$ cat target.txt   # compact mmCIF, C-alpha atoms
# COMPACT_ATOMS: atom_id res chain seq x y z
CA MET A 1 194.56 86.57 129.27
CA PRO A 2 196.36 83.49 130.69
CA GLY A 3 193.50 82.63 133.03
CA ASP A 4 191.07 82.49 130.17
CA SER A 5 192.95 79.67 128.43
CA VAL A 6 192.48 77.12 131.18
CA PRO A 7 190.41 74.18 129.91
CA LEU A 8 186.92 73.70 131.35
CA GLN A 9 187.73 70.27 132.77
CA ASP A 10 190.81 71.67 134.68
CA ARG A 11 188.82 74.36 136.45
CA PRO A 12 187.91 73.77 140.12
CA CYS A 13 184.39 72.30 140.41
CA LEU A 14 182.47 73.87 143.18
CA SER A 15 179.42 72.25 144.46
CA LEU A 16 176.16 74.13 144.69
CA GLN A 17 176.45 74.01 148.44
CA ASP A 18 179.97 75.60 148.41
CA SER A 19 178.77 78.32 146.09
CA MET A 20 175.92 79.09 148.43
CA LEU A 21 178.38 79.45 151.39
CA THR A 22 180.38 82.04 149.53
CA GLN A 23 177.31 84.29 149.08
CA PRO A 24 176.71 87.05 151.64
CA LYS A 25 173.87 86.52 154.08
CA LYS A 26 170.54 87.99 153.04
CA SER A 27 166.94 87.62 154.00
CA ASN A 28 165.16 84.36 153.38
CA LYS A 29 163.21 85.87 150.52
CA CYS A 30 166.33 87.12 148.81
CA LYS A 31 168.12 83.84 149.56
CA SER A 32 165.48 81.79 147.84
CA ARG A 33 165.58 84.09 144.88
CA GLY A 34 169.35 83.84 144.77
CA ILE A 35 169.27 80.08 144.92
CA LEU A 36 166.72 79.86 142.13
CA SER A 37 168.49 82.38 139.97
CA GLU A 38 171.93 80.97 140.78
CA GLY A 39 171.11 77.29 140.54
CA LEU A 40 168.12 76.92 138.20
CA ASP A 41 169.36 79.33 135.57
CA THR A 42 172.52 77.35 134.86
CA GLU A 43 172.81 74.65 132.23
CA TRP A 44 174.20 72.05 134.69
CA THR A 45 171.30 72.24 137.19
CA PRO A 46 170.49 68.68 138.39
CA THR A 47 167.02 67.26 137.82
CA ASP A 48 166.67 66.47 141.52
CA LEU A 49 167.24 70.12 142.33
CA ILE A 50 164.54 71.21 139.90
CA LEU A 51 162.07 68.82 141.44
CA GLN A 52 163.09 70.00 144.92
CA PHE A 53 162.17 73.61 144.21
CA THR A 54 159.02 72.90 142.20
CA PRO A 55 155.95 74.28 144.09
CA PRO A 56 153.79 71.50 145.54
CA ARG A 57 150.48 70.65 143.97
CA LYS A 58 147.34 71.84 145.64
CA LYS A 59 145.39 69.18 147.41
CA GLN A 60 141.65 69.08 147.58
CA ARG A 61 140.30 69.85 150.96
CA LEU A 62 138.05 67.35 152.62
CA PHE A 63 135.27 68.60 154.81
CA SER A 64 132.90 66.79 157.06
CA LYS A 65 130.15 69.14 157.92
CA GLY A 66 126.75 68.51 159.41
CA LYS A 67 125.06 65.38 160.65
CA GLU A 68 124.09 64.24 157.24
CA ASN A 69 127.75 64.19 156.16
CA ASP A 70 129.22 62.34 159.18
CA SER A 71 129.68 59.11 157.33
CA ASN A 72 130.04 60.34 153.75
CA GLN A 73 132.66 62.93 153.08
CA PHE A 74 132.33 65.08 150.01
CA VAL A 75 134.76 67.25 148.12
CA LEU A 76 134.18 70.91 147.35
CA GLY A 77 135.62 71.69 143.95
CA ARG A 78 135.02 74.07 141.08
CA ARG A 79 133.20 72.65 138.12
CA SER A 80 134.76 72.98 134.73
CA ARG A 81 132.86 75.17 132.32
CA ARG A 82 131.27 73.10 129.61
CA LYS A 83 130.43 74.41 126.22
CA ASP A 84 126.78 74.74 125.38
CA PRO A 85 125.85 71.53 123.53
CA SER A 86 123.21 73.44 121.53
CA PRO A 87 124.74 76.71 120.31
CA ASN A 88 122.47 79.48 118.99
CA ILE A 89 121.55 79.18 115.31
CA SER A 90 121.56 82.38 113.27
CA TRP A 91 119.01 83.24 110.59
CA ASP A 92 121.69 82.78 107.95
CA GLN A 93 122.01 79.10 108.89
CA LEU A 94 118.28 78.39 108.44
CA PRO A 95 117.32 76.88 105.07
CA ASP A 96 114.99 78.79 102.78
CA GLU A 97 112.14 76.37 103.45
CA VAL A 98 112.16 77.13 107.19
CA VAL A 99 112.38 80.90 106.67
CA LEU A 100 109.48 80.77 104.19
CA ARG A 101 107.40 78.87 106.72
CA ILE A 102 108.05 81.61 109.27
CA PHE A 103 107.29 84.37 106.77
CA PHE A 104 104.05 82.58 105.90
CA CYS A 105 102.66 83.58 109.33
CA LEU A 106 103.28 87.31 108.83
CA PRO A 107 100.60 89.80 107.73
CA LEU A 108 100.94 91.85 104.55
CA GLN A 109 102.45 95.01 106.09
CA ASP A 110 105.10 93.09 108.09
CA LEU A 111 106.04 91.02 105.07
CA VAL A 112 106.76 94.20 103.12
CA ARG A 113 108.78 95.68 106.01
CA ILE A 114 111.12 92.71 106.42
CA SER A 115 111.89 92.72 102.70
CA VAL A 116 114.31 95.63 103.26
CA VAL A 117 116.43 93.81 105.90
CA CYS A 118 118.79 92.12 103.43
CA LYS A 119 118.89 90.78 99.90
CA ARG A 120 118.08 87.24 100.98
CA TRP A 121 115.02 88.32 102.95
CA GLN A 122 113.86 90.46 100.05
CA ARG A 123 114.08 87.45 97.75
CA LEU A 124 112.21 85.23 100.20
CA ALA A 125 109.65 87.87 101.23
CA PHE A 126 108.45 88.12 97.64
CA ASP A 127 108.48 84.41 96.93
CA GLU A 128 105.41 83.41 94.95
CA SER A 129 104.41 80.83 97.56
CA LEU A 130 103.64 83.68 100.00
CA TRP A 131 101.67 85.78 97.52
CA HIS A 132 99.17 83.22 96.29
CA SER A 133 96.17 85.41 97.20
CA VAL A 134 96.11 89.11 98.10
CA ASP A 135 93.34 91.51 99.14
CA LEU A 136 94.16 95.19 98.46
CA GLU A 137 90.74 96.65 99.22
CA GLY A 138 91.02 99.90 101.14
CA MET A 139 94.29 101.21 99.69
CA THR A 140 94.13 104.86 98.65
CA HIS A 141 96.66 104.64 95.83
CA THR A 142 96.84 101.12 94.52
CA GLY A 143 98.99 101.57 91.41
CA LEU A 144 102.47 100.94 92.86
CA ALA A 145 101.27 98.17 95.17
CA LEU A 146 99.46 96.48 92.30
CA GLN A 147 102.60 96.58 90.15
CA GLN A 148 104.66 94.89 92.87
CA VAL A 149 101.98 92.30 93.66
CA LEU A 150 101.60 91.27 90.02
CA ARG A 151 105.34 90.56 89.84
CA THR A 152 105.12 87.90 92.57
CA GLY A 153 103.16 85.39 90.50
CA ILE A 154 99.88 86.01 92.33
CA ARG A 155 96.98 83.65 91.59
CA ARG A 156 94.03 85.35 93.32
CA LEU A 157 93.73 89.15 93.40
CA ARG A 158 90.96 91.05 95.17
CA CYS A 159 91.03 94.78 94.52
CA PRO A 160 87.46 96.18 94.42
CA ARG A 161 86.56 99.85 94.84
CA SER A 162 90.19 100.89 94.42
CA PHE A 163 91.79 103.92 92.81
CA VAL A 164 94.54 103.05 90.33
CA GLU A 165 95.96 106.30 88.99
CA GLU A 166 98.44 104.56 86.67
CA LEU A 167 99.85 101.11 86.07
CA HIS A 168 103.21 100.44 84.44
CA LEU A 169 103.96 96.75 83.96
CA THR A 170 107.60 96.95 82.88
CA TYR A 171 108.30 93.23 82.81
CA ARG A 172 107.29 90.95 79.96
CA GLY A 173 105.39 87.72 80.05
CA SER A 174 101.89 86.62 81.00
CA LEU A 175 100.41 86.78 84.48
CA GLN A 176 99.43 83.76 86.57
CA VAL A 177 96.17 85.28 87.83
CA VAL A 178 93.27 82.81 87.99
CA GLN A 179 90.70 84.86 89.95
CA MET A 180 90.52 88.66 89.87
CA ASP A 181 88.02 91.17 91.25
CA LEU A 182 88.31 94.79 90.10
CA SER A 183 84.65 95.66 90.63
CA ASN A 184 83.75 99.36 90.78
CA SER A 185 87.38 100.46 90.71
CA VAL A 186 88.75 103.60 89.10
CA ILE A 187 91.37 102.50 86.59
CA PRO A 188 92.37 104.00 83.22
CA THR A 189 91.23 102.01 80.21
CA LEU A 190 94.77 101.73 78.82
CA ALA A 191 96.06 100.36 82.12
CA LEU A 192 93.21 97.86 82.21
CA GLU A 193 94.00 96.78 78.66
CA ASP A 194 97.65 96.16 79.59
CA LEU A 195 96.54 94.12 82.60
CA ILE A 196 93.89 91.97 80.90
CA CYS A 197 96.02 91.35 77.81
CA ARG A 198 98.64 89.64 79.99
CA CYS A 199 96.10 87.20 81.44
CA ARG A 200 95.63 83.78 79.87
CA LEU A 201 94.56 81.62 82.81
CA LEU A 202 91.52 83.49 84.13
CA GLU A 203 88.70 81.35 85.49
CA CYS A 204 86.74 83.93 87.50
CA LEU A 205 86.69 87.63 86.64
CA SER A 206 84.65 90.62 87.79
CA LEU A 207 84.93 93.99 86.03
CA GLU A 208 81.61 95.34 87.25
CA GLY A 209 81.03 99.03 86.61
CA LEU A 210 84.20 99.62 84.53
CA GLN A 211 84.59 101.27 81.17
CA LEU A 212 85.95 98.66 78.79
CA SER A 213 87.00 98.54 75.15
CA ASP A 214 87.00 96.12 72.23
CA THR A 215 90.66 95.40 72.99
CA ILE A 216 89.79 94.25 76.51
CA ILE A 217 86.93 92.06 75.27
CA SER A 218 89.21 90.54 72.60
CA CYS A 219 91.84 89.77 75.26
CA LEU A 220 89.19 88.11 77.39
CA ALA A 221 88.48 85.79 74.47
CA LYS A 222 91.97 84.30 74.95
CA ASN A 223 91.04 83.09 78.43
CA THR A 224 89.29 79.94 77.32
CA ARG A 225 89.09 78.63 80.93
CA LEU A 226 86.65 81.32 82.02
CA GLN A 227 83.84 79.89 84.13
CA GLU A 228 82.42 82.98 85.88
CA LEU A 229 82.33 86.40 84.24
CA ASN A 230 80.75 89.54 85.72
CA LEU A 231 80.48 92.50 83.32
CA SER A 232 77.49 94.11 85.02
CA GLY A 233 77.22 97.83 84.31
CA CYS A 234 80.13 97.85 81.85
CA SER A 235 80.22 99.98 78.71
CA ALA A 236 82.16 101.07 75.59
CA PHE A 237 82.52 97.76 73.72
CA SER A 238 80.86 96.63 70.52
CA ALA A 239 78.47 93.77 69.77
CA PRO A 240 80.87 91.93 67.35
CA ALA A 241 83.65 91.88 69.97
CA LEU A 242 81.18 90.51 72.52
CA ALA A 243 80.05 87.80 70.10
CA ARG A 244 83.64 86.64 69.45
CA MET A 245 84.37 86.51 73.15
CA LEU A 246 81.28 84.40 73.93
CA LYS A 247 82.14 81.97 71.14
CA SER A 248 85.70 81.55 72.38
CA CYS A 249 84.84 81.20 76.10
CA SER A 250 82.65 78.12 75.75
CA ARG A 251 83.15 76.99 79.38
CA ILE A 252 81.34 79.90 81.02
CA GLN A 253 78.82 78.68 83.59
CA GLN A 254 77.86 81.95 85.29
CA LEU A 255 77.46 85.12 83.22
CA ASN A 256 76.29 88.52 84.43
CA LEU A 257 75.62 91.07 81.68
CA SER A 258 73.02 93.15 83.49
CA TRP A 259 72.59 96.89 83.00
CA CYS A 260 75.27 97.30 80.35
CA THR A 261 74.97 99.95 77.65
CA PHE A 262 73.46 97.45 75.21
CA ASP A 263 71.27 97.98 72.20
CA ASN A 264 69.35 95.38 70.23
CA ASN A 265 72.51 94.22 68.44
CA HIS A 266 74.25 93.50 71.74
CA ILE A 267 71.30 91.45 72.99
CA LYS A 268 71.19 89.40 69.80
CA SER A 269 74.97 88.81 70.00
CA VAL A 270 74.49 87.46 73.51
CA VAL A 271 71.59 85.09 72.92
CA ASP A 272 72.97 83.84 69.60
CA ASN A 273 76.44 83.00 70.93
CA LEU A 274 75.80 81.71 74.42
CA SER A 275 77.27 78.33 75.21
CA SER A 276 75.11 75.43 76.37
CA SER A 277 77.31 75.22 79.49
CA VAL A 278 75.70 78.36 80.97
CA THR A 279 73.67 77.53 84.08
CA HIS A 280 73.38 80.99 85.72
CA LEU A 281 72.51 84.02 83.60
CA ASN A 282 71.64 87.63 84.43
CA LEU A 283 70.21 89.72 81.57
CA SER A 284 68.28 92.22 83.66
CA GLY A 285 67.91 95.91 82.88
CA TYR A 286 67.08 95.88 79.17
CA ARG A 287 63.72 97.57 79.14
CA GLU A 288 63.53 98.26 75.41
CA SER A 289 65.89 95.61 74.07
CA LEU A 290 65.02 92.13 75.34
CA THR A 291 62.06 90.63 73.47
CA LEU A 292 60.11 87.39 73.52
CA ASN A 293 62.01 86.12 70.48
CA ASP A 294 65.28 86.65 72.34
CA VAL A 295 63.94 84.56 75.21
CA LYS A 296 63.02 81.76 72.83
CA VAL A 297 66.54 81.68 71.36
CA LEU A 298 67.98 81.83 74.86
CA VAL A 299 66.00 78.82 76.06
CA GLU A 300 66.99 76.86 72.98
CA LYS A 301 70.70 77.69 73.38
CA CYS A 302 70.95 77.12 77.13
CA PRO A 303 68.55 74.35 78.21
CA GLN A 304 70.49 73.66 81.44
CA ILE A 305 69.85 77.06 83.05
CA LYS A 306 69.19 76.87 86.80
CA THR A 307 69.15 80.59 87.69
CA LEU A 308 67.73 83.22 85.32
CA ASP A 309 67.29 86.93 85.96
CA LEU A 310 65.25 88.88 83.39
CA SER A 311 64.23 91.72 85.69
CA ASP A 312 63.32 95.17 84.30
CA SER A 313 62.53 93.77 80.86
CA THR A 314 59.37 95.75 80.26
CA LEU A 315 58.72 94.25 76.82
CA LEU A 316 58.10 90.80 78.28
CA THR A 317 54.56 89.65 78.93
CA ALA A 318 52.93 86.57 80.40
CA ASP A 319 53.61 84.82 77.07
CA CYS A 320 57.23 84.29 78.16
CA LEU A 321 56.19 81.90 80.95
CA PRO A 322 55.25 78.97 78.66
CA VAL A 323 58.58 79.48 76.87
CA LEU A 324 60.52 79.45 80.12
CA LYS A 325 58.64 76.30 81.08
CA GLN A 326 61.02 74.37 78.84
CA LEU A 327 63.81 74.94 81.36
CA LYS A 328 63.39 71.73 83.34
CA ASN A 329 66.17 72.54 85.83
CA LEU A 330 65.11 76.10 86.66
CA LEU A 331 65.46 76.74 90.40
CA HIS A 332 65.52 80.53 90.63
CA LEU A 333 63.55 82.93 88.41
CA SER A 334 63.59 86.74 88.66
CA LEU A 335 60.97 88.77 86.81
CA SER A 336 60.99 91.88 88.99
CA ARG A 337 59.53 95.06 87.46
CA CYS A 338 58.41 93.27 84.30
CA TYR A 339 55.24 95.27 84.55
CA HIS A 340 53.38 93.61 81.68
CA ILE A 341 53.26 90.32 83.58
CA HIS A 342 50.09 90.36 85.67
CA LEU A 343 49.57 88.78 89.06
CA ALA A 344 47.06 86.26 87.72
CA ALA A 345 49.76 84.75 85.49
CA LEU A 346 51.96 84.04 88.52
CA THR A 347 49.49 81.84 90.38
CA ASP A 348 50.35 78.76 88.31
CA VAL A 349 54.11 79.24 88.36
CA ASP A 350 54.68 76.37 90.81
CA LYS A 351 52.88 74.02 88.43
CA MET A 352 54.85 75.22 85.40
CA PHE A 353 58.18 74.83 87.17
CA PRO A 354 58.10 71.75 89.41
CA VAL A 355 61.62 72.22 90.83
CA LEU A 356 61.41 76.01 91.25
CA SER A 357 62.46 77.08 94.77
CA GLN A 358 62.84 80.89 94.51
CA LEU A 359 60.77 83.50 92.68
CA ASP A 360 61.50 87.24 92.70
CA VAL A 361 58.70 89.49 91.49
CA PHE A 362 59.47 92.81 93.14
CA GLY A 363 57.20 95.55 91.82
CA LEU A 364 54.59 93.14 90.46
CA VAL A 365 52.98 92.11 93.73
CA GLN A 366 51.77 94.50 96.40
CA ASP A 367 52.46 93.84 100.05
CA SER A 368 48.80 93.03 100.69
CA GLN A 369 48.79 90.43 97.88
CA LEU A 370 52.03 88.73 98.85
CA PRO A 371 50.62 86.51 101.67
CA SER A 372 47.99 84.97 99.40
CA LEU A 373 50.60 84.32 96.70
CA LYS A 374 52.92 82.62 99.21
CA LYS A 375 50.02 80.53 100.47
CA GLY A 376 49.33 79.24 96.97
CA MET A 377 53.03 78.30 96.49
CA PRO A 378 54.21 76.96 99.84
CA HIS A 379 57.32 75.35 98.41
CA VAL A 380 58.55 78.51 96.67
CA SER A 381 60.39 81.33 98.45
CA ILE A 382 59.07 84.61 97.08
CA ASN A 383 61.00 87.91 97.09
CA SER A 384 63.71 86.59 99.38
CA ARG A 385 66.69 87.92 97.37
CA PRO A 386 66.55 91.54 96.27
CA PHE A 387 70.06 91.39 94.78
CA SER A 388 71.47 89.02 92.23
CA THR A 389 74.47 86.87 93.17
CA ILE A 390 75.22 85.55 89.67
CA ALA A 391 78.98 85.62 88.93
CA ARG A 392 79.56 88.17 91.68
CA PRO A 393 82.69 87.54 93.76
CA THR A 394 81.09 88.97 96.91
CA PRO A 395 77.30 88.75 97.03
CA ALA A 396 75.73 92.16 97.57
CA SER A 397 73.36 90.75 100.18
CA ARG A 398 76.19 90.57 102.74
CA PHE A 399 76.83 93.45 105.07
CA VAL A 400 79.74 95.63 104.04
CA GLY A 401 82.58 95.42 106.55
CA SER A 402 81.70 91.99 107.88
CA THR A 403 84.17 89.11 107.86
CA SER A 404 82.40 87.31 105.01
CA ASP A 405 82.39 90.54 103.00
CA ARG A 406 86.13 90.09 102.36
CA THR A 407 85.73 86.74 100.63
CA MET A 408 86.11 86.28 96.88
CA TRP A 409 84.13 83.48 95.28
CA ASN A 410 83.62 81.91 98.73
CA LYS A 411 87.34 81.96 99.63
CA LYS A 412 89.36 84.42 101.70
CA CYS A 413 92.64 85.90 100.57
CA ARG A 414 95.66 85.00 102.71
CA LEU A 415 97.33 88.43 102.58
CA ARG A 416 95.05 91.34 103.35
CA PHE A 417 95.71 95.05 103.48
CA GLY A 418 94.60 96.44 106.84
CA LEU A 419 93.98 100.09 107.67
$ encode --input "target.txt" --output "structure tokens"
Amino acid sequence: MPGDSVPLQDRPCLSLQDSMLTQPKKSNKCKSRGILSEGLDTEWTPTDLILQFTPPRKKQRLFSKGKENDSNQFVLGRRSRRKDPSPNISWDQLPDEVVLRIFFCLPLQDLVRISVVCKRWQRLAFDESLWHSVDLEGMTHTGLALQQVLRTGIRRLRCPRSFVEELHLTYRGSLQVVQMDLSNSVIPTLALEDLICRCRLLECLSLEGLQLSDTIISCLAKNTRLQELNLSGCSAFSAPALARMLKSCSRIQQLNLSWCTFDNNHIKSVVDNLSSSVTHLNLSGYRESLTLNDVKVLVEKCPQIKTLDLSDSTLLTADCLPVLKQLKNLLHLSLSRCYHIHLAALTDVDKMFPVLSQLDVFGLVQDSQLPSLKKGMPHVSINSRPFSTIARPTPASRFVGSTSDRTMWNKKCRLRFGL
């Protein structure tokens, strides 16, 4: 069209005010909207006009309220929200050392429960630093728990009077166990062989009341660091295997071989192969096997003995006392139920053994004769210990169920199974 070809500069220029006069009259609200839409939406809107219709900034209100604020005015304003300078730290951000320190305070059952939370917690929950010493006494079925515990690199294991139906150690390598108590437990001989054959660092071991084998005794011979060994009441191993074990374990200081199924050959293997390092020895219970000649060899082999228990050796007579006199360091002597030793031979015991402090003669002295015997030996405690403590992890003289009853070689285990 012809009107459309007129140049932009030749068109009539209407001011904003003239354009507003040409608009029909409307309400104030509509007028303001029309002005904004008509004037501000165009490309040639002046800057002054934009500033004119910009909404004014809000001013802070000043209040003077109360007598205390007559001279000092204060401003009421909304505080800006600040971010917490110390945000919460998740468990994933904690280093392993901190998590292990927290896990160290947990009991055994809780430590096992948290191991199923995630893979990281499972790895940390079974870290060897947490499983240094474990007490599993009281568990009904100990097999599976024992398998898991042995995988953690445990050093001290207390598991007496337990029932181990089976034990499958699927992993290879030797165990790190240093002290172990399996006294009076029910465990298959093959499972016990697999367990003992993996041990090389044993220093204290108690297998009291268990059925052993020559394989187990031969594996014990590889633990050359053994210092305390309790095989009281054990059976089913030969005299040659016992002799090889005693030769190899030359560091043994406390040895308990009482009431085993020994014959004369076993007794001779013991006295002939004992190390001179033995200071505490229990050979009680051999009524028809232990003779005076065996005692002579014993004294010659082990001159440093401090505690000696020869109770229930009915073949011994008063002639053994001059032989035992050669033990200059003897502190505790037990001759209970050695019925061929008469009371008259005991009256000079304090003179024969100058450093003797304890004497057990149960069955040899009647209750009416005991006061006179104590009067003649005021420095010797007579019949004060009915049970032997030699190489036993938990002395039998303690009350079962007490706090001290859960110790093992005078130390408690950190993790303990609780009913």
$ residues_around --input "target.txt" --residues "Asn329 in chain A" --least-positions-apart "4" --cutoff "7 Å" --atoms "only C-alpha atoms" --output "mmCIF file with C-alpha atoms, keeping the file's coordinate frame"
data_model
loop_
_atom_site.group_PDB
_atom_site.id
_atom_site.type_symbol
_atom_site.label_atom_id
_atom_site.label_comp_id
_atom_site.auth_asym_id
_atom_site.auth_seq_id
_atom_site.Cartn_x
_atom_site.Cartn_y
_atom_site.Cartn_z
ATOM 1 C CA GLN A 304 70.490 73.660 81.440
ATOM 2 C CA ILE A 305 69.850 77.060 83.050
ATOM 3 C CA LYS A 306 69.190 76.870 86.800
ATOM 4 C CA VAL A 355 61.620 72.220 90.830
#
$ closest_atom_pairs --input "target.txt" --of "range 189-285 of chain A" --to "range 174-182 of chain A" --cutoff "7 Å" --atoms "all atoms listed in the file" --output "tab-separated table"
residue	atom	partner	partner_atom	distance
A:Arg198	CA	A:Ser174	CA	4.6
A:Cys199	CA	A:Leu175	CA	5.3
A:Arg200	CA	A:Ser174	CA	7.0
A:Leu201	CA	A:Val178	CA	5.5
A:Leu202	CA	A:Val178	CA	4.3
A:Glu203	CA	A:Val178	CA	5.4
A:Cys204	CA	A:Gln179	CA	4.7
A:Leu205	CA	A:Met180	CA	5.1
A:Ser206	CA	A:Asp181	CA	4.9
A:Leu207	CA	A:Leu182	CA	5.4
$ write_last_selection --input "target.txt" --atoms "C-alpha atoms" --output "mmCIF file, in the frame of the given file"
data_model
loop_
_atom_site.group_PDB
_atom_site.id
_atom_site.type_symbol
_atom_site.label_atom_id
_atom_site.label_comp_id
_atom_site.auth_asym_id
_atom_site.auth_seq_id
_atom_site.Cartn_x
_atom_site.Cartn_y
_atom_site.Cartn_z
ATOM 1 C CA ARG A 198 98.640 89.640 79.990
ATOM 2 C CA CYS A 199 96.100 87.200 81.440
ATOM 3 C CA ARG A 200 95.630 83.780 79.870
ATOM 4 C CA LEU A 201 94.560 81.620 82.810
ATOM 5 C CA LEU A 202 91.520 83.490 84.130
ATOM 6 C CA GLU A 203 88.700 81.350 85.490
ATOM 7 C CA CYS A 204 86.740 83.930 87.500
ATOM 8 C CA LEU A 205 86.690 87.630 86.640
ATOM 9 C CA SER A 206 84.650 90.620 87.790
ATOM 10 C CA LEU A 207 84.930 93.990 86.030
#
$ closest_residue --input "target.txt" --among "A:Pro107, A:Gly285, A:Pro322, A:Pro188" --to "Ser232 in chain A" --atoms "all atoms listed in the file"
A:Gly285
$ atom_distance --input "target.txt" --atom1 "CA of Leu94 in chain A" --atom2 "CA of Glu128 in chain A"
19.3 Å
$ atom_distance --input "target.txt" --atom1 "CA of Glu208 in chain A" --atom2 "CA of Ser269 in chain A"
19.6 Å
$ axis_aligned_box --input "target.txt" --around "range 100-119 of chain A" --padding-each-side "6 Å" --output "lines of an AutoDock Vina configuration file"
center_x = 109.7
center_y = 87.3
center_z = 104.6
size_x = 30.3
size_y = 28.8
size_z = 21.4
$ atom_distance --input "target.txt" --atom1 "CA of Asp405 in chain A" --atom2 "CA of Ser133 in chain A"
15.8 Å
$ build_atoms --input "target.txt" --residues "range 119-130 of chain A" --atoms "N, CA and C atoms" --output "short mmCIF file (atom, residue, chain, number, x, y, z; two decimals), in the frame of the given file"
data_model
loop_
_atom_site.label_atom_id
_atom_site.label_comp_id
_atom_site.auth_asym_id
_atom_site.auth_seq_id
_atom_site.Cartn_x
_atom_site.Cartn_y
_atom_site.Cartn_z
N LYS A 119 119.25 91.26 101.24
CA LYS A 119 118.89 90.78 99.90
C LYS A 119 118.21 89.42 99.97
N ARG A 120 118.68 88.57 100.87
CA ARG A 120 118.08 87.24 100.98
C ARG A 120 116.65 87.34 101.45
N TRP A 121 116.39 88.17 102.45
CA TRP A 121 115.02 88.32 102.95
C TRP A 121 114.13 88.97 101.90
N GLN A 122 114.67 89.86 101.11
CA GLN A 122 113.86 90.46 100.05
C GLN A 122 113.45 89.40 99.03
N ARG A 123 114.40 88.52 98.71
CA ARG A 123 114.08 87.45 97.75
C ARG A 123 113.03 86.50 98.31
N LEU A 124 113.15 86.15 99.59
CA LEU A 124 112.21 85.23 100.20
C LEU A 124 110.87 85.89 100.51
N ALA A 125 110.90 87.17 100.88
CA ALA A 125 109.65 87.87 101.23
C ALA A 125 108.72 88.00 100.03
N PHE A 126 109.28 88.01 98.84
CA PHE A 126 108.45 88.12 97.64
C PHE A 126 108.41 86.81 96.87
N ASP A 127 108.62 85.72 97.56
CA ASP A 127 108.48 84.41 96.93
C ASP A 127 107.02 84.17 96.58
N GLU A 128 106.78 83.57 95.44
CA GLU A 128 105.41 83.41 94.95
C GLU A 128 104.56 82.53 95.85
N SER A 129 105.18 81.67 96.65
CA SER A 129 104.41 80.83 97.56
C SER A 129 103.73 81.63 98.66
N LEU A 130 104.24 82.83 98.97
CA LEU A 130 103.64 83.68 100.00
C LEU A 130 102.58 84.60 99.44
#
